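What follows is the content of input_38.cif, which has mmCIF, C-alpha atoms:
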```cif
data_target
loop_
_atom_site.label_atom_id
_atom_site.label_comp_id
_atom_site.auth_asym_id
_atom_site.auth_seq_id
_atom_site.Cartn_x
_atom_site.Cartn_y
_atom_site.Cartn_z
CA MET R 1 4.76 3.93 -4.93
CA PHE R 2 4.55 1.95 -1.70
CA TYR R 3 6.37 3.24 1.37
CA SER R 4 8.91 0.43 1.15
CA GLN R 5 9.82 1.61 -2.36
CA LYS R 6 10.09 5.25 -1.29
CA PHE R 7 12.31 4.34 1.65
CA GLY R 8 14.33 1.97 -0.53
CA GLN R 9 15.04 4.67 -3.09
CA PHE R 10 15.99 7.05 -0.30
CA ALA R 11 18.39 4.54 1.30
CA ALA R 12 20.01 3.72 -2.04
CA ASN R 13 20.40 7.32 -3.18
CA ALA R 14 21.57 9.05 0.02
CA GLN R 15 25.13 10.33 -0.30
CA TYR R 16 27.49 12.09 2.05
CA ALA R 17 27.72 15.11 -0.25
CA SER R 18 23.99 15.78 0.21
CA LEU R 19 24.16 15.93 4.00
CA PRO R 20 24.10 19.40 5.62
CA ALA R 21 27.10 20.23 7.77
CA ASP R 22 25.01 20.45 10.95
CA VAL R 23 23.60 16.96 10.35
CA VAL R 24 27.10 15.53 9.89
CA ALA R 25 28.24 17.27 13.09
CA GLY R 26 25.18 15.94 14.90
CA ALA R 27 25.87 12.40 13.73
CA LYS R 28 29.45 12.53 14.98
CA LEU R 29 28.32 13.87 18.35
CA ARG R 30 25.80 11.04 18.68
CA ILE R 31 28.44 8.44 17.84
CA LEU R 32 30.59 9.76 20.67
CA ASP R 33 27.57 9.92 22.96
CA VAL R 34 26.45 6.33 22.31
CA ILE R 35 29.99 5.07 22.94
CA ALA R 36 29.81 6.89 26.29
CA ALA R 37 26.46 5.24 27.02
CA ALA R 38 27.93 1.82 26.28
CA CYS R 39 30.86 2.56 28.58
CA ALA R 40 28.44 3.24 31.44
CA ALA R 41 27.04 -0.27 30.93
CA ILE R 42 30.46 -1.89 30.51
CA GLN R 43 31.67 -0.41 33.81
CA LEU R 44 28.67 -2.04 35.49
CA GLY R 45 29.34 -5.38 33.78
CA LYS R 46 26.01 -5.42 31.94
CA GLU R 47 27.52 -7.07 28.86
CA ARG R 48 29.09 -10.03 30.65
CA GLU R 49 26.28 -12.55 30.27
CA LEU R 50 25.94 -11.83 26.54
CA LEU R 51 29.72 -12.21 26.12
CA ARG R 52 29.52 -15.63 27.74
CA MET R 53 26.51 -16.74 25.71
CA LEU R 54 27.43 -15.28 22.30
CA ASP R 55 30.88 -16.71 21.73
CA THR R 56 31.07 -17.31 17.98
CA THR R 57 34.62 -16.74 16.76
CA GLY R 58 35.06 -13.70 14.55
CA SER R 59 37.04 -10.54 13.92
CA VAL R 60 34.49 -7.84 14.77
CA SER R 61 35.22 -5.81 17.89
CA VAL R 62 33.18 -6.10 21.05
CA TRP R 63 33.39 -2.67 22.64
CA GLY R 64 35.60 -2.36 25.73
CA SER R 65 36.27 -6.10 25.97
CA ASN R 66 39.70 -6.92 24.46
CA SER R 67 37.83 -9.51 22.40
CA SER R 68 36.14 -10.07 19.05
CA ARG R 69 33.13 -12.01 17.85
CA SER R 70 31.27 -12.78 14.67
CA MET R 71 29.56 -9.77 13.12
CA ARG R 72 26.12 -10.97 14.26
CA ASP R 73 27.19 -11.50 17.87
CA ALA R 74 29.02 -8.17 17.95
CA VAL R 75 25.92 -6.34 16.70
CA ILE R 76 23.82 -7.86 19.48
CA ILE R 77 26.35 -7.31 22.28
CA ASN R 78 27.35 -3.77 21.35
CA THR R 79 23.76 -2.70 20.73
CA ALA R 80 22.62 -4.14 24.04
CA SER R 81 25.49 -2.44 25.86
CA ALA R 82 24.67 0.90 24.25
CA HIS R 83 21.06 0.58 25.42
CA ALA R 84 21.58 -1.06 28.81
CA CYS R 85 21.80 2.11 30.92
CA TYR R 86 19.31 4.14 28.84
CA PHE R 87 21.98 6.84 28.65
CA GLU R 88 21.99 7.23 24.85
CA ASP R 89 20.04 9.80 22.84
CA GLY R 90 16.33 9.50 22.24
CA SER R 91 13.30 11.15 20.74
CA ARG R 92 10.19 12.29 22.56
CA TYR R 93 8.30 11.96 19.26
CA THR R 94 9.02 8.22 19.04
CA GLY R 95 9.58 7.10 22.61
CA GLY R 96 12.72 5.40 21.29
CA HIS R 97 16.50 5.54 21.11
CA PRO R 98 17.89 5.64 17.55
CA ALA R 99 21.58 5.79 18.52
CA SER R 100 21.69 2.37 20.15
CA ALA R 101 19.35 0.95 17.49
CA VAL R 102 21.54 2.02 14.55
CA ILE R 103 25.11 3.06 15.38
CA PRO R 104 26.65 -0.10 16.94
CA GLY R 105 25.21 -2.23 14.16
CA MET R 106 26.65 -0.02 11.44
CA ILE R 107 30.12 0.06 13.01
CA ALA R 108 30.08 -3.75 13.33
CA LEU R 109 28.87 -4.22 9.75
CA ALA R 110 31.45 -1.76 8.43
CA GLN R 111 34.44 -3.40 10.10
CA GLY R 112 36.55 -5.32 7.60
CA ARG R 113 34.65 -3.98 4.58
CA GLN R 114 36.90 -1.02 3.70
CA VAL R 115 34.14 1.44 4.64
CA SER R 116 35.05 5.13 4.80
CA GLY R 117 34.07 7.49 7.58
CA GLN R 118 31.86 9.38 5.16
CA ALA R 119 30.02 6.19 4.22
CA LEU R 120 29.54 5.27 7.88
CA LEU R 121 28.15 8.71 8.69
CA THR R 122 25.76 8.58 5.74
CA SER R 123 24.42 5.17 6.72
CA ILE R 124 23.82 6.32 10.29
CA VAL R 125 21.90 9.40 9.11
CA VAL R 126 19.78 7.16 6.84
CA GLY R 127 19.01 4.86 9.75
CA TYR R 128 18.04 7.80 11.96
CA GLU R 129 15.71 9.11 9.28
CA LEU R 130 13.77 5.83 9.02
CA PHE R 131 13.68 5.42 12.79
CA LEU R 132 12.38 8.93 13.47
CA ARG R 133 9.85 9.09 10.63
CA LEU R 134 8.40 5.66 11.36
CA GLY R 135 8.45 6.38 15.08
CA ARG R 136 6.43 9.56 14.67
CA ALA R 137 3.87 7.61 12.66
CA ILE R 138 3.24 4.94 15.31
CA TYR R 139 3.94 6.73 18.62
CA PRO R 140 2.46 6.92 21.25
CA SER R 141 -0.11 4.40 20.06
CA THR R 142 2.51 1.66 19.79
CA VAL R 143 3.49 2.04 23.45
CA LYS R 144 -0.14 2.06 24.54
CA ARG R 145 -0.55 -1.22 22.67
CA GLY R 146 2.31 -2.71 24.69
CA PHE R 147 5.31 -2.45 22.33
CA GLN R 148 8.72 -0.91 23.01
CA SER R 149 9.31 1.47 20.14
CA THR R 150 13.12 1.15 20.10
CA SER R 151 12.88 -2.58 19.43
CA ILE R 152 10.10 -2.21 16.86
CA LEU R 153 11.98 0.49 14.95
CA ALA R 154 15.52 -0.90 15.18
CA ALA R 155 15.07 -3.58 12.50
CA PRO R 156 13.72 -1.52 9.56
CA SER R 157 15.96 1.46 10.37
CA CYS R 158 19.04 -0.78 10.67
CA ALA R 159 18.06 -2.47 7.42
CA ALA R 160 17.89 0.90 5.65
CA ALA R 161 21.21 2.01 7.13
CA ALA R 162 22.88 -1.28 6.19
CA ALA R 163 21.48 -1.10 2.66
CA ASN R 164 23.09 2.30 2.25
CA LEU R 165 26.37 1.14 3.79
CA LEU R 166 26.51 -1.91 1.51
CA GLY R 167 25.70 0.13 -1.60
CA LEU R 168 22.57 -1.84 -2.44
CA THR R 169 20.41 -0.88 -5.39
CA ALA R 170 17.02 0.78 -4.90
CA GLN R 171 15.24 -2.56 -5.37
CA GLN R 172 17.58 -4.37 -2.99
CA SER R 173 17.18 -1.58 -0.43
CA THR R 174 13.40 -1.79 -0.78
CA ASP R 175 13.61 -5.51 -0.14
CA ALA R 176 15.97 -5.06 2.81
CA ILE R 177 13.60 -2.67 4.53
CA GLY R 178 10.61 -4.86 3.71
CA ILE R 179 12.28 -7.91 5.19
CA GLY R 180 13.45 -5.91 8.20
CA CYS R 181 9.92 -4.89 9.17
CA SER R 182 9.28 -8.45 10.36
CA HIS R 183 12.32 -8.62 12.63
CA GLY R 184 11.70 -5.84 15.14
CA ALA R 185 10.14 -7.24 18.30
CA GLY R 186 9.94 -6.00 21.85
CA LEU R 187 7.41 -5.33 24.57
CA LYS R 188 7.17 -2.28 26.83
CA GLU R 189 6.64 -4.55 29.83
CA ALA R 190 10.17 -5.91 29.32
CA LEU R 191 11.51 -2.59 30.59
CA LYS R 192 10.62 -3.84 34.06
CA SER R 193 13.40 -6.39 33.64
CA ALA R 194 16.15 -3.96 32.78
CA ASP R 195 18.93 -6.56 32.84
CA SER R 196 17.36 -8.54 29.96
CA GLN R 197 15.41 -5.89 28.04
CA PRO R 198 18.38 -4.51 26.04
CA PHE R 199 18.73 -7.97 24.46
CA GLN R 200 15.53 -7.39 22.49
CA VAL R 201 17.00 -4.22 20.98
CA GLY R 202 20.19 -6.09 20.11
CA ARG R 203 18.25 -8.86 18.40
CA SER R 204 16.21 -6.33 16.42
CA ALA R 205 19.34 -4.53 15.23
CA GLU R 206 20.79 -7.90 14.22
CA GLY R 207 17.58 -8.62 12.32
CA GLY R 208 17.90 -5.38 10.40
CA VAL R 209 21.51 -6.02 9.42
CA LEU R 210 20.71 -9.59 8.33
CA SER R 211 17.74 -8.32 6.32
CA ALA R 212 20.04 -6.14 4.24
CA LEU R 213 22.51 -8.97 3.72
CA TYR R 214 19.63 -11.26 2.76
CA ALA R 215 18.30 -8.74 0.23
CA GLN R 216 21.81 -8.44 -1.18
CA GLN R 217 21.47 -12.12 -2.14
CA GLY R 218 18.41 -11.30 -4.26
CA VAL R 219 15.69 -12.22 -1.74
CA HIS R 220 12.56 -10.04 -1.89
CA GLY R 221 10.48 -8.39 0.80
CA ALA R 222 6.72 -7.80 0.69
CA PRO R 223 6.10 -4.54 -1.23
CA GLU R 224 3.12 -3.40 0.90
CA ILE R 225 4.70 -4.37 4.22
CA PHE R 226 4.08 -0.92 5.71
CA GLU R 227 0.57 -0.32 4.41
CA GLN R 228 -0.74 -3.83 5.10
CA GLY R 229 1.54 -4.92 7.95
CA PHE R 230 3.88 -2.74 10.00
CA LEU R 231 1.79 0.41 10.42
CA LYS R 232 -1.45 -1.43 11.18
CA ALA R 233 0.24 -3.90 13.52
CA PHE R 234 2.08 -1.36 15.64
CA SER R 235 -0.37 1.54 15.79
CA GLN R 236 -4.08 1.97 16.35
CA ASP R 237 -4.12 5.12 14.23
CA PRO R 238 -0.84 5.66 12.33
CA GLN R 239 -0.03 9.27 11.54
CA LEU R 240 1.03 9.26 7.91
CA GLN R 241 0.91 12.94 7.01
CA ASP R 242 4.69 13.50 7.34
CA LEU R 243 5.97 9.97 6.81
CA ASP R 244 7.62 10.65 3.44
CA VAL R 245 7.40 14.45 3.10
CA ASP R 246 10.71 15.93 1.86
CA LEU R 247 12.40 12.56 2.24
CA GLY R 248 16.04 13.04 1.29
CA SER R 249 16.02 16.82 1.74
CA ARG R 250 14.71 17.29 5.29
CA TRP R 251 16.71 15.58 8.01
CA SER R 252 15.37 14.60 11.44
CA LEU R 253 18.51 13.61 13.34
CA GLU R 254 18.83 16.79 15.37
CA GLU R 255 15.36 16.45 16.87
CA THR R 256 16.75 13.81 19.24
CA TYR R 257 17.72 14.73 22.76
CA LEU R 258 21.05 13.96 24.44
CA LYS R 259 21.15 12.85 28.07
CA ILE R 260 23.22 14.06 30.98
CA HIS R 261 21.35 12.01 33.61
CA GLY R 262 21.00 8.26 33.91
CA GLY R 263 17.78 6.28 33.90
CA CYS R 264 14.64 6.61 31.81
CA ARG R 265 14.09 9.91 30.01
CA GLY R 266 10.86 10.39 31.93
CA ASN R 267 12.94 11.00 35.06
CA HIS R 268 14.88 13.88 33.58
CA ALA R 269 12.48 16.82 33.54
CA PRO R 270 11.71 16.24 37.24
CA VAL R 271 15.43 16.02 38.03
CA ASP R 272 16.16 19.21 36.08
CA ALA R 273 13.27 20.98 37.79
CA ILE R 274 14.72 19.95 41.17
CA ALA R 275 18.11 21.29 40.06
CA LEU R 276 16.54 24.66 39.26
CA LEU R 277 14.90 24.80 42.70
CA ILE R 278 18.26 24.02 44.32
CA GLN R 279 19.87 26.88 42.38
CA GLN R 280 17.14 29.35 43.26
CA ASN R 281 16.53 28.49 46.92
CA ILE R 282 18.45 27.67 50.09
CA PHE R 283 17.26 24.54 51.88
CA ALA R 284 18.64 21.25 53.18
CA VAL R 285 17.32 17.79 52.43
CA GLU R 286 16.30 17.36 56.06
CA ASP R 287 14.14 20.49 55.68
CA ILE R 288 11.89 18.70 53.18
CA GLU R 289 8.53 17.56 54.49
CA HIS R 290 7.39 16.10 51.18
CA VAL R 291 7.78 16.44 47.40
CA GLU R 292 5.13 16.15 44.70
CA ALA R 293 6.34 15.30 41.19
CA HIS R 294 3.67 15.84 38.54
CA VAL R 295 4.25 14.33 35.08
CA ASP R 296 2.24 13.50 31.96
CA SER R 297 0.33 10.22 31.82
CA VAL R 298 2.67 8.55 29.27
CA THR R 299 5.68 9.25 31.49
CA TYR R 300 3.79 8.07 34.56
CA ALA R 301 2.82 4.80 32.86
CA ALA R 302 6.51 3.89 32.50
CA ALA R 303 7.42 4.81 36.09
CA ILE R 304 8.12 2.15 38.72
CA GLU R 305 7.20 3.59 42.10
CA PRO R 306 8.50 2.66 44.56
CA PRO R 307 11.52 0.86 43.09
CA LEU R 308 12.46 -2.49 44.58
CA SER R 309 15.79 -3.01 42.77
CA GLY R 310 18.54 -1.12 41.01
CA GLU R 311 16.91 -2.02 37.71
CA ASP R 312 13.57 -0.64 38.91
CA ALA R 313 15.34 2.54 39.99
CA GLN R 314 16.14 3.37 36.36
CA PHE R 315 12.41 3.94 35.87
CA SER R 316 11.74 5.60 39.21
CA ILE R 317 11.17 9.34 39.23
CA GLY R 318 11.15 9.30 43.04
CA PHE R 319 14.55 7.60 43.20
CA SER R 320 16.02 9.98 40.60
CA ILE R 321 14.84 13.02 42.54
CA ALA R 322 16.19 11.55 45.77
CA VAL R 323 19.70 10.88 44.45
CA ARG R 324 19.87 14.32 42.80
CA LEU R 325 19.02 15.91 46.14
CA LEU R 326 21.31 13.70 48.22
CA LYS R 327 24.22 12.99 45.86
CA GLY R 328 24.28 16.04 43.59
CA ASP R 329 23.80 14.10 40.35
CA ALA R 330 21.76 11.29 38.79
CA LEU R 331 24.45 9.51 36.77
CA PRO R 332 24.00 5.86 35.72
CA ALA R 333 26.20 4.49 38.52
CA ARG R 334 23.67 5.80 41.06
CA TYR R 335 21.03 3.37 39.76
CA ALA R 336 22.14 0.44 41.87
CA MET R 337 20.75 -1.63 44.73
CA THR R 338 23.47 -0.37 47.05
CA THR R 339 22.28 3.22 46.57
CA LEU R 340 18.61 2.25 46.84
CA MET R 341 19.26 0.53 50.19
CA GLU R 342 20.89 3.57 51.78
CA PRO R 343 18.66 4.70 54.68
CA ALA R 344 18.75 8.35 53.63
CA VAL R 345 17.69 7.47 50.08
CA ARG R 346 14.86 5.23 51.21
CA SER R 347 13.67 7.82 53.70
CA LEU R 348 13.56 10.55 51.09
CA ILE R 349 11.81 8.34 48.52
CA GLY R 350 9.13 7.80 51.13
CA ARG R 351 8.50 11.55 51.13
CA ILE R 352 8.23 11.85 47.34
CA ARG R 353 4.91 11.30 45.63
CA VAL R 354 4.82 10.85 41.84
CA MET R 355 1.49 11.48 40.13
CA PRO R 356 0.05 11.98 36.64
CA SER R 357 -1.54 15.26 35.67
CA ALA R 358 -4.03 15.60 32.83
CA ASP R 359 -2.93 19.22 32.40
CA LEU R 360 0.57 18.03 31.48
CA ASP R 361 -0.79 15.76 28.74
CA VAL R 362 -1.73 18.85 26.74
CA GLY R 363 0.74 19.27 23.88
CA TYR R 364 2.49 15.92 24.40
CA PRO R 365 4.90 14.98 22.83
CA ASP R 366 5.84 18.49 21.64
CA ARG R 367 6.64 18.99 25.29
CA ARG R 368 7.25 16.47 28.06
CA PRO R 369 6.83 18.65 31.13
CA SER R 370 7.06 18.25 34.87
CA VAL R 371 5.90 20.28 37.84
CA ILE R 372 7.76 19.85 41.14
CA LYS R 373 6.26 21.06 44.41
CA ILE R 374 8.30 20.96 47.62
CA GLN R 375 6.78 21.51 51.02
CA LEU R 376 9.44 22.53 53.55
CA ARG R 377 9.11 22.02 57.29
CA ASP R 378 9.42 25.77 57.90
CA GLY R 379 6.22 26.35 55.92
CA ARG R 380 7.78 27.43 52.64
CA LYS R 381 6.33 26.01 49.45
CA LEU R 382 8.60 25.78 46.40
CA GLU R 383 7.34 25.09 42.89
CA GLN R 384 9.05 24.68 39.51
CA HIS R 385 7.47 24.03 36.11
CA LEU R 386 9.71 22.78 33.28
CA ASP R 387 8.49 22.02 29.77
CA HIS R 388 11.68 20.46 28.40
CA ALA R 389 14.40 18.45 30.12
CA LYS R 390 18.02 19.36 29.51
CA GLY R 391 19.20 17.99 26.16
CA GLU R 392 16.05 18.63 24.14
CA PRO R 393 16.46 20.91 21.10
CA GLU R 394 14.61 23.61 23.05
CA ASN R 395 16.95 23.21 26.05
CA PRO R 396 20.11 21.83 24.44
CA THR R 397 23.27 20.35 25.84
CA SER R 398 26.53 21.69 24.44
CA ILE R 399 29.32 19.82 22.68
CA ASP R 400 31.37 20.37 25.82
CA ASP R 401 28.63 18.70 27.90
CA ILE R 402 28.84 15.58 25.74
CA ARG R 403 32.64 15.60 25.65
CA LYS R 404 32.63 15.76 29.45
CA LYS R 405 30.10 12.92 29.62
CA TYR R 406 32.21 10.85 27.20
CA ARG R 407 35.51 11.40 29.00
CA GLY R 408 34.08 10.60 32.41
CA LEU R 409 32.68 7.30 31.18
CA ALA R 410 35.16 6.28 28.46
CA GLU R 411 38.49 6.83 30.17
CA PRO R 412 37.93 4.08 32.80
CA VAL R 413 37.01 1.66 29.99
CA PHE R 414 39.43 2.54 27.18
CA GLY R 415 42.27 4.14 29.14
CA SER R 416 44.61 6.16 26.94
CA ALA R 417 42.73 5.01 23.82
CA ALA R 418 39.76 7.19 24.86
CA ASP R 419 41.43 10.31 23.48
CA GLN R 420 42.19 8.61 20.17
CA ILE R 421 38.61 7.41 19.83
CA GLU R 422 37.27 10.91 20.45
CA GLU R 423 39.68 12.41 17.92
CA MET R 424 38.75 9.84 15.27
CA VAL R 425 35.01 10.29 15.79
CA PHE R 426 35.25 14.04 15.30
CA SER R 427 37.36 13.60 12.15
CA LEU R 428 35.49 10.63 10.67
CA GLU R 429 34.91 12.28 7.30
CA GLN R 430 38.69 12.35 6.78
CA HIS R 431 39.18 8.59 7.21
CA SER R 432 39.12 6.25 4.23
CA ASN R 433 38.60 3.18 6.44
CA ILE R 434 36.88 3.03 9.83
CA ASP R 435 38.67 -0.18 10.91
CA ALA R 436 41.12 1.74 13.10
CA LEU R 437 38.21 3.21 15.07
CA ALA R 438 36.57 -0.21 15.38
CA GLN R 439 39.81 -1.71 16.68
CA LEU R 440 40.18 1.05 19.27
CA LEU R 441 36.65 0.38 20.51
CA ARG R 442 37.80 -3.17 21.33
CA VAL R 443 40.45 -1.91 23.77
CA SER R 444 39.72 -2.46 27.47
CA ALA R 445 41.50 -1.00 30.46
CA LEU R 446 39.26 -3.10 32.72
CA THR R 447 41.57 -6.10 32.69
CA GLU R 448 40.44 -7.20 36.14
CA ARG R 449 36.96 -7.79 34.63
CA ALA R 450 38.18 -10.08 31.85
CA LEU R 451 36.02 -13.18 31.54
CA LYS R 452 37.47 -16.43 32.81
#
```
Could you write out this structure as structure tokens?
Amino acid sequence: MFYSQKFGQFAANAQYASLPADVVAGAKLRILDVIAAACAAIQLGKERELLRMLDTTGSVSVWGSNSSRSMRDAVIINTASAHACYFEDGSRYTGGHPASAVIPGMIALAQGRQVSGQALLTSIVVGYELFLRLGRAIYPSTVKRGFQSTSILAAPSCAAAAANLLGLTAQQSTDAIGIGCSHGAGLKEALKSADSQPFQVGRSAEGGVLSALYAQQGVHGAPEIFEQGFLKAFSQDPQLQDLDVDLGSRWSLEETYLKIHGGCRGNHAPVDAIALLIQQNIFAVEDIEHVEAHVDSVTYAAAIEPPLSGEDAQFSIGFSIAVRLLKGDALPARYAMTTLMEPAVRSLIGRIRVMPSADLDVGYPDRRPSVIKIQLRDGRKLEQHLDHAKGEPENPTSIDDIRKKYRGLAEPVFGSAADQIEEMVFSLEQHSNIDALAQLLRVSALTERALK
């Protein structure tokens, strides 16, 4: 069998009853988390231009907007919002973000189709499985070749998830995934234009959803699309040994990390290492002579040092360290031009040197470490080594951490509806129709930001 057929059978056959309880719990937590990530972007107005441009009339909710769009436009806008602050979950084995790639698209597709909470959860788990297995096969080669893995993986994983949600046959699901492989596009360099880059993820998710709907009409995909196309195109040396092992019985969802800091994931181990030094030592920011932040070469390649804009700051390890030291956190709202222009922030960034270390490449991506060295003016030298940022399976966040993250970001957007959304997400398996959740996600308490 070709990989498209194996994945098609998996997508068609996956059922809620076969999902382990911890995987279901993990899926619900990631739904709540990606809604929180979208709220961070909505508060910063990052969805406004897409709302203006994509204005096709429809009944599918645009999150936090008090408005609706066509299903296609809603998939693009909600996906882009979920990805815009890079505050959703991710995987160090893929360099990508499955939550934003899969979850908004499935909620948009499900709305108005009498889809149960159990069916939604199953489709999301299916999408994660394709995303994470394919991502492991092509990463990090795909990034070194210039592609952004989230965009590349969003289309086939969304196609698989949508095929499951729509109840397609094994052949139709095979075709959906095959068609979807051609509709994921995105370049790593686009990350340096953070205001437009999330659009490529939104378009890829849209491509995946449309691929499933196209296959539902009886249109066929190329059977050997993975062997002769996708894997060769996006990787110099695809790693195939685990691509289909235990497919349908071993689940990958919980290998993803959950974020408590804003900005690119590469910033987080350095920020967490700084936090440990703050806990273990007494010093003031003005006592710092200079800081060295050592990271692996893949992380360093994505860094923008020094940052020249708020968008650049999202990929700046130096900026992230500076705001953690000066402000006490590195939440998404910190990644703004106003913060970057503060004299104290600029001064401290000037004393932070970010550098790659070959020693830290050893074992990547099983670990994504950082070493922080602080030289204090009184002669003290502080050093902290951290293998795993907070939120990785080896250094996990708690449910309470994610609830706190959600409430802090969702309440300003949804107002009193935030509590109802949280309650519905955590009881999804009990709901026969997810439309009530989708309608709540449309609510906006940010009336002063309504589009004219």
Original post:
Which distance in Å separates CA of Asp378 (chain R) and CA of Phe283 (chain R), to one decimal?
Top reply: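 Separating CA of Asp378 (chain R) from CA of Phe283 (chain R) is a distance of 10.0 Å.
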Original post:
Nearest to Ser70 (chain R) among R:Gln111, R:Ile42, R:Gly117, R:Val354, with distances taken over all atoms listed in the file: which residue is it?
Top reply: R:Gln111
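Using only C-alpha atoms, the nearest neighbour of His220 (chain R) within the list R:Ser4, R:Gln241, R:Ser59, R:Ser427 is R:Ser4.
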**OP:** Would you list the contacts of Arg377 (chain R) as a PyMOL selection string, taking every protein, DNA or RNA residue within 6 Å and counting all atoms listed in the file, but skipping same-chain residues closer than 4 positions in sequence?
**Re:** chain R and resi 287-289
Original post:
Given the choices R:Leu277, R:His83, R:Ser347, R:Gly266, which gets closest to Ser320 (chain R) if the distance is worked out from all atoms listed in the file?
Top reply: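 The shortest atom-to-atom distance to Ser320 (chain R) comes from R:Gly266.
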Give me, as CSV, the closest atom pair and its distance (Å, one decimal) for every residue of region 11-59 of chain R within a cut-off of 10 Å of region 404-412 of chain R, counting all atoms listed in the file, rows sorted by chain and rising number.
```
residue,atom,partner,partner_atom,distance
R:Leu32,CA,R:Tyr406,CA,6.8
R:Asp33,CA,R:Tyr406,CA,6.4
R:Val34,CA,R:Tyr406,CA,8.8
R:Ile35,CA,R:Tyr406,CA,7.5
R:Ala36,CA,R:Tyr406,CA,4.7
R:Ala37,CA,R:Leu409,CA,7.8
R:Ala38,CA,R:Leu409,CA,8.8
R:Cys39,CA,R:Ala410,CA,5.7
R:Ala40,CA,R:Leu409,CA,5.9
R:Ala41,CA,R:Leu409,CA,9.4
R:Ile42,CA,R:Leu409,CA,9.5
R:Gln43,CA,R:Pro412,CA,7.8
```
**OP:** Run the PyMOL selection byres ((chain R and resi 349) around 12) on the file and write out the hits as a ChimeraX atom specification.
**Re:** /R:285,288-293,305-308,313,316-326,339-348,350-354
**OP:** Would you work out the distance separating CA of Leu360 (chain R) from CA of Gln280 (chain R), expressed in Å to one decimal?
**Re:**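 Between CA of Leu360 (chain R) and CA of Gln280 (chain R) the gap is 23.3 Å.
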Original post:
What residues come out when you apply the PyMOL selection byres ((chain R and resi 145) around 8) to this file, written as a VMD selection string?
Top reply: chain R and resid 141 to 144 146 to 147 234 to 236
**OP:** Output the residue selection produced by the PyMOL selection byres ((chain R and resi 31) around 12) on the file above, formatted as a PyMOL selection string.
**Re:** chain R and resi 24-30+32-38+82+88-89+98-107+117+120-121+124-125+128+258+402-403+406+421-428+437+441
Subject >> Minimum-distance residue to Ala418 (chain R), chosen among R:Gly64, R:Thr122, R:Gly263, R:Ala110 (using only C-alpha atoms) >> reply: R:Gly64
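Going from CA of Ala137 (chain R) over to CA of His183 (chain R), you cover 18.3 Å.
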Subject >> Spatial sel., origin (12.7, 18.3, 34.1), limit 6 Å, all atoms listed in the file, listed as an MDAnalysis selection string >> reply: chainID R and resid 268:273 370 386 389
Subject >> Spatial sel., origin (34.0, -4.0, 13.2), limit 12 Å, only C-alpha atoms, listed as a ChimeraX atom specification >> reply: /R:58-63,67-75,78,103-115,120,433-442
